[in-house]
Amino acid sequence: MGFDYSGKTVGITGAASIKGIGFAIAKKFLQSHAAVGIFDLDKNALQQAVDALKVFGNVKGYVLDVSKESDVKKVIGAFYEDHKAIDVWINNAGIYPQCPLMDMESSAWDMTMNVNLKSVFLCTKEVFSYMREDGGVILNAASYASLISSAGSGAYAASKSGVYSLTKTLAAELAPYHIRVNGFIPGVIETGMTQEVVAERKDTLVSAIALRELGRPEDVANAAAFLASSEASYLTAAFIEVSGGKLCVQNPDFAWKKMEDMA
């Protein structure tokens, strides 16, 4: 499906990794003719991402620590001044610590909550000040871990469960301002953030997916472009699960084994 975001301005946090979901979302919106701002803490990676994306359209990078309120106010304010509008905002920034909860330092727990969850609150609150007159769309990145947690990444799952809940509440509270708030739930997507886990457990991960293949960042970008579009105008507080049918049943490999037995 093609989308036309001509005249629209889109901001995306956590978009500096060229192998990441945020980068793919930025590319999708640029190809759909939006003006795009990408936000990340890593200045060098951000510049590389801008250089890679500028062939697709109007893009600018902004160095931002999404966990700091003063930074959020200043940098999102600068983004608004550059474009005089914020039509779509995507809270995508996140970290993925792998550590059993009983081994985790409280500082690592706090960082996970600040980057993954608090940032959604801070950025949404600031963006609201620019959207409240004309409306807009806010999208939040949850995770399959917000539905079913995994041992070894409990802090991440807790933070993403918070994003899921927060999205629902924000959708209700911002509805009178004609601001839709939705989210996307990636399953196992091959990104820089997941590459170590995929390398260690790919066969096990794939066996739990009905389509028996891992997802691509572009798959998530397509869902985000739909959720932000006029075609989704009656969707708010909604999530699209982009998982290839991960654990859609208790035995997602059943049909595959049956087919193999019949071969």
# chains A, B, ... in the order shown; residues from 1 in each chain; ligands from 1
>>> residues_around(residues="Ile209 (chain A)", least_positions_apart="6", cutoff="6 Å", atoms="only C-alpha atoms", output="mmCIF file with all heavy atoms, in the first residue's frame")
data_model
loop_
_atom_site.group_PDB
_atom_site.id
_atom_site.type_symbol
_atom_site.label_atom_id
_atom_site.label_comp_id
_atom_site.auth_asym_id
_atom_site.auth_seq_id
_atom_site.Cartn_x
_atom_site.Cartn_y
_atom_site.Cartn_z
ATOM 1 N N GLY A 244 4.655 -12.160 12.487
ATOM 2 C CA GLY A 244 4.616 -13.384 11.674
ATOM 3 C C GLY A 244 3.798 -14.488 12.309
ATOM 4 O O GLY A 244 3.964 -15.662 11.985
ATOM 5 N N GLY A 245 2.900 -14.115 13.232
ATOM 6 C CA GLY A 245 2.087 -15.127 13.911
ATOM 7 C C GLY A 245 2.831 -15.825 15.034
ATOM 8 O O GLY A 245 2.584 -17.006 15.315
ATOM 9 N N LYS A 246 3.723 -15.093 15.716
ATOM 10 C CA LYS A 246 4.464 -15.686 16.830
ATOM 11 C C LYS A 246 3.491 -16.152 17.920
ATOM 12 O O LYS A 246 2.655 -15.393 18.397
ATOM 13 C CB LYS A 246 5.440 -14.671 17.404
ATOM 14 C CG LYS A 246 6.253 -15.195 18.584
ATOM 15 C CD LYS A 246 7.233 -14.158 19.096
ATOM 16 C CE LYS A 246 8.007 -14.682 20.294
ATOM 17 N NZ LYS A 246 8.980 -13.700 20.806
#
>>> select_by_dssp(residues="region 163-220 of chain A", states="strand (DSSP E or B)", output="list in words")
Ile179, Arg180, Val181, Asn182, Gly183, Phe184, Ile185, Pro186, Ile189, Ile209 and Gly215 of chain A
>>> closest_residue(among="A:Glu126, A:Ala238, A:Ala157, A:Ala225", to="Asp4 (chain A)", atoms="only C-alpha atoms")
A:Ala225
>>> residues_around(residues="region 79-87 of chain A", least_positions_apart="4", cutoff="8 Å", atoms="only C-alpha atoms", output="list in words")
Lys8, Thr9, Val10, Gly11, Gly37, Tyr62, Val75, Val127, Tyr130, Met131, Gly135, Gly136 and Val137 of chain A
>>> closest_residue(among="A:Asp65, A:Pro186, A:Val115, A:Lys168", to="Ser146 (chain A)", atoms="only C-alpha atoms")
A:Pro186
>>> select_by_dssp(residues="region 53-82 of chain A", states="alpha helix (DSSP H)", output="list in words")
Leu53, Glu69, Ser70, Asp71, Val72, Lys73, Lys74, Val75, Ile76, Gly77, Ala78, Phe79, Tyr80, Glu81 and Asp82 of chain A
>>> residues_around(residues="Ala24 (chain A)", least_positions_apart="4", cutoff="10 Å", atoms="only C-alpha atoms", output="PyMOL selection string")
chain A and resi 15-20+28-30+53+216-222
>>> residues_around(residues="Cys123 (chain A)", least_positions_apart="5", cutoff="12 Å", atoms="only C-alpha atoms", output="PyMOL selection string")
chain A and resi 11-13+39+64-77+89-93+114-118+128-130+138-140
>>> write_last_selection(atoms="N, CA, C and O atoms", output="compact mmCIF listing (two decimals), in the first residue's frame")
# COMPACT_ATOMS: atom_id res chain seq x y z
N GLY A 11 8.31 13.02 13.27
CA GLY A 11 9.48 12.88 14.12
C GLY A 11 9.58 11.46 14.64
O GLY A 11 8.57 10.86 15.03
N ILE A 12 10.80 10.91 14.69
CA ILE A 12 11.01 9.52 15.09
C ILE A 12 12.21 9.45 16.02
O ILE A 12 13.32 9.83 15.65
N THR A 13 12.01 8.94 17.24
CA THR A 13 13.13 8.78 18.16
C THR A 13 13.79 7.42 17.95
O THR A 13 13.18 6.48 17.44
N PHE A 39 15.77 11.40 15.70
CA PHE A 39 16.31 11.79 17.00
C PHE A 39 17.07 10.62 17.61
O PHE A 39 16.57 9.50 17.63
N LEU A 64 19.35 13.90 20.87
CA LEU A 64 18.36 13.96 21.93
C LEU A 64 18.54 12.83 22.93
O LEU A 64 18.65 11.67 22.54
N ASP A 65 18.57 13.18 24.21
CA ASP A 65 18.48 12.19 25.28
C ASP A 65 17.02 12.15 25.70
O ASP A 65 16.54 13.05 26.40
N VAL A 66 16.31 11.11 25.28
CA VAL A 66 14.87 11.04 25.50
C VAL A 66 14.49 10.88 26.97
O VAL A 66 13.32 11.03 27.33
N SER A 67 15.46 10.57 27.81
CA SER A 67 15.17 10.35 29.23
C SER A 67 15.26 11.63 30.06
O SER A 67 14.94 11.61 31.25
N LYS A 68 15.69 12.74 29.46
CA LYS A 68 15.89 14.00 30.18
C LYS A 68 14.86 15.03 29.74
O LYS A 68 14.82 15.42 28.56
N GLU A 69 14.05 15.49 30.68
CA GLU A 69 12.96 16.40 30.34
C GLU A 69 13.45 17.70 29.73
O GLU A 69 12.87 18.21 28.76
N SER A 70 14.53 18.27 30.25
CA SER A 70 15.05 19.53 29.72
C SER A 70 15.51 19.36 28.28
O SER A 70 15.28 20.25 27.43
N ASP A 71 16.12 18.24 27.98
CA ASP A 71 16.58 17.95 26.62
C ASP A 71 15.39 17.77 25.69
O ASP A 71 15.38 18.29 24.56
N VAL A 72 14.39 17.06 26.15
CA VAL A 72 13.19 16.82 25.34
C VAL A 72 12.53 18.14 24.97
O VAL A 72 12.16 18.37 23.81
N LYS A 73 12.37 19.02 25.94
CA LYS A 73 11.73 20.31 25.67
C LYS A 73 12.52 21.12 24.65
O LYS A 73 11.96 21.68 23.70
N LYS A 74 13.82 21.19 24.85
CA LYS A 74 14.67 22.00 23.98
C LYS A 74 14.72 21.46 22.56
O LYS A 74 14.53 22.20 21.59
N VAL A 75 14.95 20.17 22.42
CA VAL A 75 15.19 19.60 21.10
C VAL A 75 13.89 19.47 20.30
O VAL A 75 13.86 19.78 19.10
N ILE A 76 12.82 19.05 20.93
CA ILE A 76 11.55 18.98 20.21
C ILE A 76 11.08 20.38 19.84
O ILE A 76 10.51 20.60 18.76
N GLY A 77 11.37 21.34 20.71
CA GLY A 77 11.06 22.73 20.38
C GLY A 77 11.80 23.19 19.14
O GLY A 77 11.25 23.88 18.28
N TRP A 89 4.26 11.79 15.48
CA TRP A 89 5.41 11.59 16.37
C TRP A 89 5.48 10.11 16.73
O TRP A 89 4.48 9.51 17.11
N ILE A 90 6.68 9.54 16.62
CA ILE A 90 6.85 8.11 16.86
C ILE A 90 7.88 7.89 17.96
O ILE A 90 9.07 8.19 17.79
N ASN A 91 7.41 7.40 19.11
CA ASN A 91 8.28 7.08 20.24
C ASN A 91 8.85 5.68 20.03
O ASN A 91 8.24 4.68 20.40
N ASN A 92 10.02 5.64 19.45
CA ASN A 92 10.62 4.36 19.08
C ASN A 92 11.90 4.04 19.87
O ASN A 92 12.32 2.89 19.89
N ALA A 93 12.49 5.02 20.53
CA ALA A 93 13.76 4.80 21.22
C ALA A 93 13.63 3.72 22.28
O ALA A 93 12.63 3.65 23.00
N ASN A 114 13.74 4.53 32.18
CA ASN A 114 13.84 5.91 31.71
C ASN A 114 13.85 6.01 30.19
O ASN A 114 13.17 6.85 29.61
N VAL A 115 14.63 5.14 29.55
CA VAL A 115 14.75 5.20 28.09
C VAL A 115 13.51 4.62 27.41
O VAL A 115 13.01 5.17 26.42
N ASN A 116 12.99 3.52 27.92
CA ASN A 116 11.90 2.82 27.23
C ASN A 116 10.52 3.34 27.58
O ASN A 116 9.62 3.31 26.74
N LEU A 117 10.33 3.77 28.82
CA LEU A 117 8.99 4.14 29.28
C LEU A 117 8.84 5.62 29.61
O LEU A 117 7.95 6.29 29.08
N LYS A 118 9.69 6.13 30.46
CA LYS A 118 9.59 7.54 30.83
C LYS A 118 9.68 8.43 29.60
O LYS A 118 9.00 9.47 29.51
N PHE A 128 2.45 17.06 22.60
CA PHE A 128 1.06 17.47 22.79
C PHE A 128 0.90 18.99 22.73
O PHE A 128 -0.07 19.51 22.18
N SER A 129 1.88 19.71 23.27
CA SER A 129 1.78 21.17 23.28
C SER A 129 1.77 21.75 21.87
O SER A 129 1.26 22.85 21.66
N TYR A 130 2.30 21.00 20.90
CA TYR A 130 2.31 21.46 19.51
C TYR A 130 1.16 20.85 18.69
O TYR A 130 0.82 21.37 17.63
N ILE A 138 0.25 9.98 17.33
CA ILE A 138 1.41 9.53 18.10
C ILE A 138 1.44 8.02 18.07
O ILE A 138 0.41 7.37 18.31
N LEU A 139 2.59 7.47 17.74
CA LEU A 139 2.76 6.01 17.71
C LEU A 139 3.83 5.61 18.71
O LEU A 139 4.88 6.27 18.81
N ASN A 140 3.57 4.55 19.44
CA ASN A 140 4.51 4.07 20.44
C ASN A 140 4.97 2.65 20.11
O ASN A 140 4.16 1.79 19.75
>>> closest_residue(among="A:Thr236, A:Ser243, A:Ser150, A:Ser230", to="Glu213 (chain A)", atoms="only C-alpha atoms")
A:Ser243
>>> atom_distance(atom1="CA of Ala199 (chain A)", atom2="CA of Leu101 (chain A)")
22.5 Å
>>> closest_residue(among="A:Ala34, A:Val242, A:Ile148, A:Leu235", to="Ile189 (chain A)", atoms="only C-alpha atoms")
A:Val242
>>> closest_residue(among="A:Gln48, A:Gln98, A:Ser119, A:Ser149", to="Leu166 (chain A)", atoms="only C-alpha atoms")
A:Ser119
>>> closest_residue(among="A:Ile25, A:Leu227, A:Ala52, A:Val63", to="Asp40 (chain A)", atoms="only C-alpha atoms")
A:Val63
>>> residues_around(residues="Met113 (chain A)", least_positions_apart="6", cutoff="8 Å", atoms="only C-alpha atoms", output="count of residues only")
3
